[in-house]
Amino acid sequence: EAQVTQNPRYLITVTGKKLTVTCSQNMNHEYMSWYRQDPGLGLRQIYYSMNVEVTDKGDVPEGYKVSRKEKRNFPLILESPSPNQTSLYFCASSSRSLGIDNEQFFGPGTRLTVL
Amino acid sequence: AQSVTQPDIHITVSEGASLELRCNYSYGATPYLFWYVQSPGQGLQLLLKYFSGDTLVQGIKGFEAEFKRSQSSFNLRKPSVHWSDAAEYFCAVGGYTDKLIFGTGTRLQVFP
């Protein structure tokens with residue numbers, strides 16, 4: 001089944017404790033992206049990747065890191081999480097790196113709470 | 001600046017009634033427009049998309065949307081709502097790159 005998976009689905013952590021949220025897709029997609037969803041703000045893009053070893057900042061990249069060493073994986077790293085990073089995070093992928101005539105497939109989300 | 005506005009935060013309709021969710025966008029180039037639905041505890045699912053051609057597009061689950069360039073709008077409609085349509089709906093706009101700009105969402109509640 002074609003899908004985007006994220007782990008963990010739920011995470012409660014404390015300020016400053018490094019964490020990684022994994023994202024994997026099995027559709028051989030070139031483009032992957034991370035969003036955060038906050039009430040009243042919709043979804044905002046954190047980072048995106050056009051292909052392996054190519055990443056770029058989205059609208060709200062502060063406090064986050066990403067890497068794209070393999071086509072299928074795009075982990076989101078919070079080196080020193082803070083309470084304002086408490087949010088619902090979504091990973092997405094699509095099959096074209098330029099030209100948006102293809103659907104972005106979303107993962108199920110990761111709900112992160114930073115105490 | 002590029003943006004998407006969904007003016008209705010929360011809409012309540014009775015089952016069987018018609019539905020229209022509003023979406024207005026601001027985008028400097030030819031827009032690609034999308035509607036996504038998010039059911040409680042779920043990720044986002046694409047309902048429909050518009051790139052070019054016929055301005056009335058059909059999507060899944062009986063939804064349709066009409067692109068009106070003169071009004072910078074892409075409203076979502078359904079003639080008869082079902083209780084299972086209760087969810088949050090997001091309008092999004094994109095362009096040549098894959099970046100999507102999302103609206104803040106409209107939460108739909110359906111009464112039996």
# chains A, B, ... in the order shown; residues from 1 in each chain; ligands from 1

$ closest_atom_pairs --of "chain A" --to "chain B" --cutoff "10 Å" --atoms "only C-alpha atoms" --output "Markdown table"
| residue | atom | partner | partner_atom | distance |
| --- | --- | --- | --- | --- |
| A:Val4 | CA | B:Gly43 | CA | 9.9 |
| A:Tyr31 | CA | B:Asp98 | CA | 7.7 |
| A:Met32 | CA | B:Asp98 | CA | 9.2 |
| A:Ser33 | CA | B:Lys99 | CA | 8.6 |
| A:Tyr35 | CA | B:Leu100 | CA | 10.0 |
| A:Gln37 | CA | B:Thr104 | CA | 9.2 |
| A:Asp38 | CA | B:Thr104 | CA | 8.9 |
| A:Pro39 | CA | B:Thr104 | CA | 7.9 |
| A:Gly40 | CA | B:Thr104 | CA | 5.6 |
| A:Leu41 | CA | B:Thr104 | CA | 5.0 |
| A:Gly42 | CA | B:Thr104 | CA | 3.8 |
| A:Leu43 | CA | B:Phe102 | CA | 5.8 |
| A:Arg44 | CA | B:Phe102 | CA | 7.1 |
| A:Gln45 | CA | B:Leu100 | CA | 7.9 |
| A:Tyr47 | CA | B:Lys99 | CA | 9.9 |
| A:Tyr48 | CA | B:Lys99 | CA | 8.2 |
| A:Ser49 | CA | B:Asp98 | CA | 9.8 |
| A:Met50 | CA | B:Asp98 | CA | 8.6 |
| A:Gly58 | CA | B:Lys99 | CA | 8.3 |
| A:Asp59 | CA | B:Ile101 | CA | 9.6 |
| A:Tyr89 | CA | B:Gly43 | CA | 9.8 |
| A:Phe90 | CA | B:Gly43 | CA | 7.5 |
| A:Cys91 | CA | B:Gly43 | CA | 9.3 |
| A:Ala92 | CA | B:Leu44 | CA | 9.3 |
| A:Ser93 | CA | B:Asp98 | CA | 9.6 |
| A:Ser94 | CA | B:Asp98 | CA | 8.2 |
| A:Ser95 | CA | B:Asp98 | CA | 9.9 |
| A:Arg96 | CA | B:Asp98 | CA | 7.9 |
| A:Ser97 | CA | B:Asp98 | CA | 6.7 |
| A:Leu98 | CA | B:Thr97 | CA | 5.0 |
| A:Gly99 | CA | B:Tyr96 | CA | 4.6 |
| A:Ile100 | CA | B:Asp98 | CA | 5.1 |
| A:Asp101 | CA | B:Phe51 | CA | 6.9 |
| A:Asn102 | CA | B:Asp98 | CA | 8.9 |
| A:Glu103 | CA | B:Leu46 | CA | 7.3 |
| A:Gln104 | CA | B:Leu46 | CA | 7.9 |
| A:Phe105 | CA | B:Gln45 | CA | 7.4 |
| A:Phe106 | CA | B:Leu44 | CA | 5.8 |
| A:Gly107 | CA | B:Gly43 | CA | 5.8 |
| A:Pro108 | CA | B:Gly43 | CA | 4.2 |
| A:Gly109 | CA | B:Gly43 | CA | 5.9 |
| A:Thr110 | CA | B:Gly43 | CA | 9.6 |
| A:Arg111 | CA | B:Gly41 | CA | 9.8 |

$ residues_around --residues "range 80-83 of chain A" --least-positions-apart "2" --cutoff "6 Å" --atoms "only C-alpha atoms" --output "NGL selection string"
:A and (15-18 or 78 or 85-86 or 114-115)

$ residues_around --residues "Ala2 in chain A" --least-positions-apart "4" --cutoff "9 Å" --atoms "only C-alpha atoms" --output "ChimeraX atom specification"
/A:25-27

$ residues_around --residues "Phe63 in chain B" --least-positions-apart "4" --cutoff "10 Å" --atoms "only C-alpha atoms" --output "ChimeraX atom specification"
/B:19-20,35,47-48,57-59,76-81

$ residues_around --residues "Lys71 in chain A" --least-positions-apart "2" --cutoff "7 Å" --atoms "only C-alpha atoms" --output "list in words"
Asn28, Glu30, Asn51, Val52, Arg68, Lys69 and Asn73 of chain A

$ closest_residue --among "B:Gln2, B:Ile11, B:Ala86, B:Leu56" --to "Arg69 in chain B" --atoms "only C-alpha atoms"
B:Leu56

$ select_by_dssp --residues "range 1-53 of chain B" --states "strand (DSSP E)" --output "short mmCIF file (atom, residue, chain, number, x, y, z; two decimals) with all heavy atoms, in the first residue's frame"
data_model
loop_
_atom_site.label_atom_id
_atom_site.label_comp_id
_atom_site.auth_asym_id
_atom_site.auth_seq_id
_atom_site.Cartn_x
_atom_site.Cartn_y
_atom_site.Cartn_z
N SER B 3 -1.21 34.16 -0.13
CA SER B 3 -2.01 33.78 1.04
C SER B 3 -3.29 33.10 0.61
O SER B 3 -3.71 33.18 -0.55
CB SER B 3 -2.35 35.02 1.88
OG SER B 3 -3.19 35.89 1.16
N VAL B 4 -3.87 32.41 1.57
CA VAL B 4 -5.17 31.77 1.39
C VAL B 4 -6.04 32.15 2.58
O VAL B 4 -5.60 32.05 3.73
CB VAL B 4 -5.02 30.24 1.31
CG1 VAL B 4 -6.39 29.59 1.24
CG2 VAL B 4 -4.17 29.85 0.12
N THR B 5 -7.25 32.56 2.29
CA THR B 5 -8.19 32.94 3.34
C THR B 5 -9.41 32.05 3.31
O THR B 5 -10.06 31.90 2.28
CB THR B 5 -8.64 34.41 3.17
OG1 THR B 5 -7.49 35.26 3.19
CG2 THR B 5 -9.59 34.81 4.29
N HIS B 10 -15.89 27.94 11.48
CA HIS B 10 -16.73 26.82 11.89
C HIS B 10 -18.08 26.95 11.17
O HIS B 10 -18.67 28.03 11.18
CB HIS B 10 -16.92 26.87 13.42
CG HIS B 10 -17.63 25.69 13.97
ND1 HIS B 10 -18.29 25.73 15.19
CD2 HIS B 10 -17.80 24.43 13.50
CE1 HIS B 10 -18.83 24.55 15.44
NE2 HIS B 10 -18.54 23.74 14.44
N ILE B 11 -18.53 25.85 10.58
CA ILE B 11 -19.83 25.83 9.92
C ILE B 11 -20.61 24.63 10.41
O ILE B 11 -20.04 23.54 10.55
CB ILE B 11 -19.67 25.77 8.38
CG1 ILE B 11 -19.28 27.15 7.83
CG2 ILE B 11 -20.94 25.29 7.71
CD1 ILE B 11 -19.16 27.20 6.33
N THR B 12 -21.88 24.84 10.67
CA THR B 12 -22.77 23.77 11.10
C THR B 12 -23.91 23.63 10.11
O THR B 12 -24.55 24.63 9.76
CB THR B 12 -23.34 24.05 12.50
OG1 THR B 12 -22.26 24.20 13.43
CG2 THR B 12 -24.22 22.91 12.95
N VAL B 13 -24.13 22.42 9.64
CA VAL B 13 -25.23 22.16 8.71
C VAL B 13 -25.98 20.91 9.15
O VAL B 13 -25.44 20.08 9.89
CB VAL B 13 -24.75 21.99 7.25
CG1 VAL B 13 -24.04 23.23 6.76
CG2 VAL B 13 -23.86 20.77 7.14
N SER B 14 -27.19 20.79 8.69
CA SER B 14 -27.97 19.58 8.93
C SER B 14 -27.68 18.56 7.86
O SER B 14 -27.38 18.91 6.70
CB SER B 14 -29.47 19.91 8.94
OG SER B 14 -29.79 20.83 9.96
N LEU B 19 -23.91 22.41 1.03
CA LEU B 19 -22.76 22.98 1.72
C LEU B 19 -21.93 23.80 0.74
O LEU B 19 -21.73 23.40 -0.41
CB LEU B 19 -21.89 21.86 2.29
CG LEU B 19 -20.54 22.25 2.88
CD1 LEU B 19 -20.74 23.01 4.19
CD2 LEU B 19 -19.67 21.03 3.08
N GLU B 20 -21.44 24.94 1.21
CA GLU B 20 -20.44 25.68 0.46
C GLU B 20 -19.41 26.22 1.43
O GLU B 20 -19.75 26.95 2.37
CB GLU B 20 -21.05 26.84 -0.34
CG GLU B 20 -19.99 27.58 -1.17
CD GLU B 20 -20.58 28.56 -2.18
OE1 GLU B 20 -21.70 29.06 -1.94
OE2 GLU B 20 -19.92 28.83 -3.20
N LEU B 21 -18.17 25.86 1.21
CA LEU B 21 -17.05 26.37 2.01
C LEU B 21 -16.26 27.36 1.15
O LEU B 21 -15.87 27.03 0.04
CB LEU B 21 -16.15 25.22 2.47
CG LEU B 21 -16.82 24.12 3.29
CD1 LEU B 21 -15.79 23.09 3.72
CD2 LEU B 21 -17.55 24.69 4.49
N ASN B 24 -10.60 32.08 -0.56
CA ASN B 24 -10.06 33.14 -1.40
C ASN B 24 -8.55 33.11 -1.33
O ASN B 24 -7.98 32.81 -0.28
CB ASN B 24 -10.58 34.51 -0.93
CG ASN B 24 -12.06 34.66 -1.18
OD1 ASN B 24 -12.87 34.42 -0.29
ND2 ASN B 24 -12.42 35.02 -2.39
N TYR B 25 -7.91 33.40 -2.43
CA TYR B 25 -6.46 33.30 -2.45
C TYR B 25 -5.85 34.57 -3.03
O TYR B 25 -6.50 35.34 -3.74
CB TYR B 25 -6.04 32.08 -3.29
CG TYR B 25 -6.35 32.25 -4.76
CD1 TYR B 25 -5.44 32.83 -5.63
CD2 TYR B 25 -7.59 31.85 -5.27
CE1 TYR B 25 -5.75 33.01 -6.96
CE2 TYR B 25 -7.90 32.03 -6.59
CZ TYR B 25 -6.99 32.60 -7.43
OH TYR B 25 -7.30 32.79 -8.75
N SER B 26 -4.59 34.74 -2.69
CA SER B 26 -3.78 35.80 -3.29
C SER B 26 -2.50 35.15 -3.77
O SER B 26 -1.77 34.56 -2.97
CB SER B 26 -3.47 36.90 -2.26
OG SER B 26 -2.57 37.84 -2.80
N TYR B 32 -2.27 26.93 -8.62
CA TYR B 32 -2.78 25.57 -8.54
C TYR B 32 -3.53 25.49 -7.22
O TYR B 32 -2.99 25.87 -6.18
CB TYR B 32 -1.65 24.55 -8.58
CG TYR B 32 -0.81 24.60 -9.83
CD1 TYR B 32 0.53 24.24 -9.80
CD2 TYR B 32 -1.34 24.98 -11.05
CE1 TYR B 32 1.32 24.26 -10.93
CE2 TYR B 32 -0.56 25.02 -12.20
CZ TYR B 32 0.76 24.66 -12.13
OH TYR B 32 1.53 24.69 -13.25
N LEU B 33 -4.74 25.02 -7.23
CA LEU B 33 -5.61 25.10 -6.07
C LEU B 33 -6.06 23.71 -5.63
O LEU B 33 -6.31 22.83 -6.47
CB LEU B 33 -6.83 25.97 -6.39
CG LEU B 33 -6.47 27.43 -6.66
CD1 LEU B 33 -7.52 28.10 -7.51
CD2 LEU B 33 -6.29 28.19 -5.35
N PHE B 34 -6.16 23.56 -4.33
CA PHE B 34 -6.46 22.27 -3.74
C PHE B 34 -7.45 22.43 -2.59
O PHE B 34 -7.46 23.44 -1.91
CB PHE B 34 -5.19 21.63 -3.16
CG PHE B 34 -4.05 21.51 -4.12
CD1 PHE B 34 -3.22 22.60 -4.37
CD2 PHE B 34 -3.79 20.31 -4.76
CE1 PHE B 34 -2.16 22.49 -5.25
CE2 PHE B 34 -2.72 20.19 -5.64
CZ PHE B 34 -1.91 21.28 -5.89
N TRP B 35 -8.22 21.38 -2.38
CA TRP B 35 -8.97 21.22 -1.15
C TRP B 35 -8.59 19.89 -0.52
O TRP B 35 -8.59 18.85 -1.18
CB TRP B 35 -10.48 21.23 -1.40
CG TRP B 35 -11.08 22.60 -1.45
CD1 TRP B 35 -11.40 23.33 -2.55
CD2 TRP B 35 -11.47 23.40 -0.33
NE1 TRP B 35 -11.95 24.53 -2.19
CE2 TRP B 35 -12.01 24.61 -0.83
CE3 TRP B 35 -11.42 23.22 1.06
CZ2 TRP B 35 -12.49 25.62 -0.01
CZ3 TRP B 35 -11.90 24.24 1.89
CH2 TRP B 35 -12.43 25.42 1.34
N TYR B 36 -8.26 19.96 0.77
CA TYR B 36 -7.95 18.77 1.55
C TYR B 36 -8.96 18.64 2.69
O TYR B 36 -9.47 19.64 3.20
CB TYR B 36 -6.55 18.87 2.17
CG TYR B 36 -5.41 18.63 1.23
CD1 TYR B 36 -4.88 19.66 0.46
CD2 TYR B 36 -4.84 17.37 1.11
CE1 TYR B 36 -3.82 19.44 -0.40
CE2 TYR B 36 -3.77 17.13 0.25
CZ TYR B 36 -3.28 18.18 -0.50
OH TYR B 36 -2.22 17.96 -1.34
N VAL B 37 -9.18 17.40 3.11
CA VAL B 37 -10.03 17.15 4.25
C VAL B 37 -9.23 16.40 5.31
O VAL B 37 -8.40 15.54 4.99
CB VAL B 37 -11.29 16.34 3.85
CG1 VAL B 37 -10.93 14.98 3.26
CG2 VAL B 37 -12.22 16.16 5.05
N GLN B 38 -9.46 16.79 6.55
CA GLN B 38 -8.80 16.13 7.68
C GLN B 38 -9.86 15.65 8.65
O GLN B 38 -10.49 16.44 9.34
CB GLN B 38 -7.85 17.10 8.38
CG GLN B 38 -7.06 16.48 9.51
CD GLN B 38 -6.15 17.48 10.20
OE1 GLN B 38 -6.40 18.68 10.19
NE2 GLN B 38 -5.07 17.00 10.77
N LEU B 44 -4.16 14.43 6.18
CA LEU B 44 -4.93 15.15 5.18
C LEU B 44 -5.13 14.30 3.94
O LEU B 44 -4.20 13.65 3.46
CB LEU B 44 -4.21 16.44 4.79
CG LEU B 44 -4.40 17.63 5.72
CD1 LEU B 44 -3.58 17.47 6.98
CD2 LEU B 44 -4.04 18.93 5.01
N GLN B 45 -6.33 14.36 3.42
CA GLN B 45 -6.66 13.64 2.20
C GLN B 45 -7.09 14.64 1.14
O GLN B 45 -7.90 15.53 1.42
CB GLN B 45 -7.78 12.63 2.47
CG GLN B 45 -8.19 11.83 1.26
CD GLN B 45 -9.35 10.89 1.53
OE1 GLN B 45 -10.13 11.09 2.46
NE2 GLN B 45 -9.48 9.86 0.73
N LEU B 46 -6.58 14.46 -0.05
CA LEU B 46 -6.93 15.36 -1.14
C LEU B 46 -8.35 15.11 -1.62
O LEU B 46 -8.72 13.98 -1.94
CB LEU B 46 -5.97 15.19 -2.31
CG LEU B 46 -6.19 16.11 -3.50
CD1 LEU B 46 -5.83 17.55 -3.13
CD2 LEU B 46 -5.37 15.64 -4.70
N LEU B 47 -9.17 16.16 -1.65
CA LEU B 47 -10.53 16.06 -2.18
C LEU B 47 -10.55 16.34 -3.67
O LEU B 47 -11.21 15.63 -4.44
CB LEU B 47 -11.44 17.07 -1.48
CG LEU B 47 -11.95 16.75 -0.09
CD1 LEU B 47 -12.75 17.92 0.44
CD2 LEU B 47 -12.77 15.48 -0.08
N LEU B 48 -9.88 17.39 -4.08
CA LEU B 48 -9.85 17.77 -5.49
C LEU B 48 -8.77 18.81 -5.71
O LEU B 48 -8.24 19.39 -4.75
CB LEU B 48 -11.22 18.30 -5.95
CG LEU B 48 -11.91 19.34 -5.07
CD1 LEU B 48 -11.36 20.73 -5.23
CD2 LEU B 48 -13.42 19.34 -5.36
N LYS B 49 -8.48 19.02 -6.99
CA LYS B 49 -7.44 19.98 -7.34
C LYS B 49 -7.78 20.63 -8.68
O LYS B 49 -8.47 20.05 -9.52
CB LYS B 49 -6.08 19.31 -7.42
CG LYS B 49 -6.01 18.15 -8.42
CD LYS B 49 -4.69 17.40 -8.27
CE LYS B 49 -4.66 16.19 -9.22
NZ LYS B 49 -3.42 15.38 -9.05
N TYR B 50 -7.30 21.84 -8.84
CA TYR B 50 -7.48 22.57 -10.09
C TYR B 50 -6.12 23.07 -10.57
O TYR B 50 -5.39 23.73 -9.83
CB TYR B 50 -8.43 23.77 -9.91
CG TYR B 50 -8.46 24.64 -11.12
CD1 TYR B 50 -9.21 24.28 -12.24
CD2 TYR B 50 -7.70 25.81 -11.19
CE1 TYR B 50 -9.22 25.07 -13.37
CE2 TYR B 50 -7.70 26.60 -12.32
CZ TYR B 50 -8.46 26.23 -13.41
OH TYR B 50 -8.46 27.01 -14.54
#

$ select_by_dssp --residues "range 43-74 of chain B" --states "helix (DSSP H, G or I)" --output "PyMOL selection string"
chain B and resi 60-62+69-71

$ write_last_selection --atoms "N, CA, C and O atoms" --output "mmCIF file, in the first residue's frame"
data_model
loop_
_atom_site.group_PDB
_atom_site.id
_atom_site.type_symbol
_atom_site.label_atom_id
_atom_site.label_comp_id
_atom_site.auth_asym_id
_atom_site.auth_seq_id
_atom_site.Cartn_x
_atom_site.Cartn_y
_atom_site.Cartn_z
ATOM 1 N N ILE B 60 -13.546 13.678 -4.931
ATOM 2 C CA ILE B 60 -14.044 12.462 -4.295
ATOM 3 C C ILE B 60 -15.164 12.808 -3.325
ATOM 4 O O ILE B 60 -15.351 13.975 -2.950
ATOM 5 N N LYS B 61 -15.900 11.812 -2.922
ATOM 6 C CA LYS B 61 -16.949 11.921 -1.904
ATOM 7 C C LYS B 61 -18.058 12.895 -2.319
ATOM 8 O O LYS B 61 -18.753 13.435 -1.461
ATOM 9 N N GLY B 62 -18.240 13.124 -3.601
ATOM 10 C CA GLY B 62 -19.325 13.971 -4.075
ATOM 11 C C GLY B 62 -19.062 15.469 -3.998
ATOM 12 O O GLY B 62 -19.982 16.274 -4.195
ATOM 13 N N ARG B 69 -11.510 33.096 -11.356
ATOM 14 C CA ARG B 69 -10.308 33.931 -11.386
ATOM 15 C C ARG B 69 -10.632 35.381 -11.026
ATOM 16 O O ARG B 69 -9.880 36.012 -10.284
ATOM 17 N N SER B 70 -11.756 35.883 -11.518
ATOM 18 C CA SER B 70 -12.097 37.289 -11.293
ATOM 19 C C SER B 70 -12.337 37.583 -9.817
ATOM 20 O O SER B 70 -12.161 38.717 -9.368
ATOM 21 N N GLN B 71 -12.737 36.563 -9.082
ATOM 22 C CA GLN B 71 -13.001 36.741 -7.654
ATOM 23 C C GLN B 71 -11.889 36.146 -6.794
ATOM 24 O O GLN B 71 -11.986 36.184 -5.561
#

$ atom_distance --atom1 "CA of Cys23 in chain A" --atom2 "CA of Asn7 in chain A"
6.8 Å
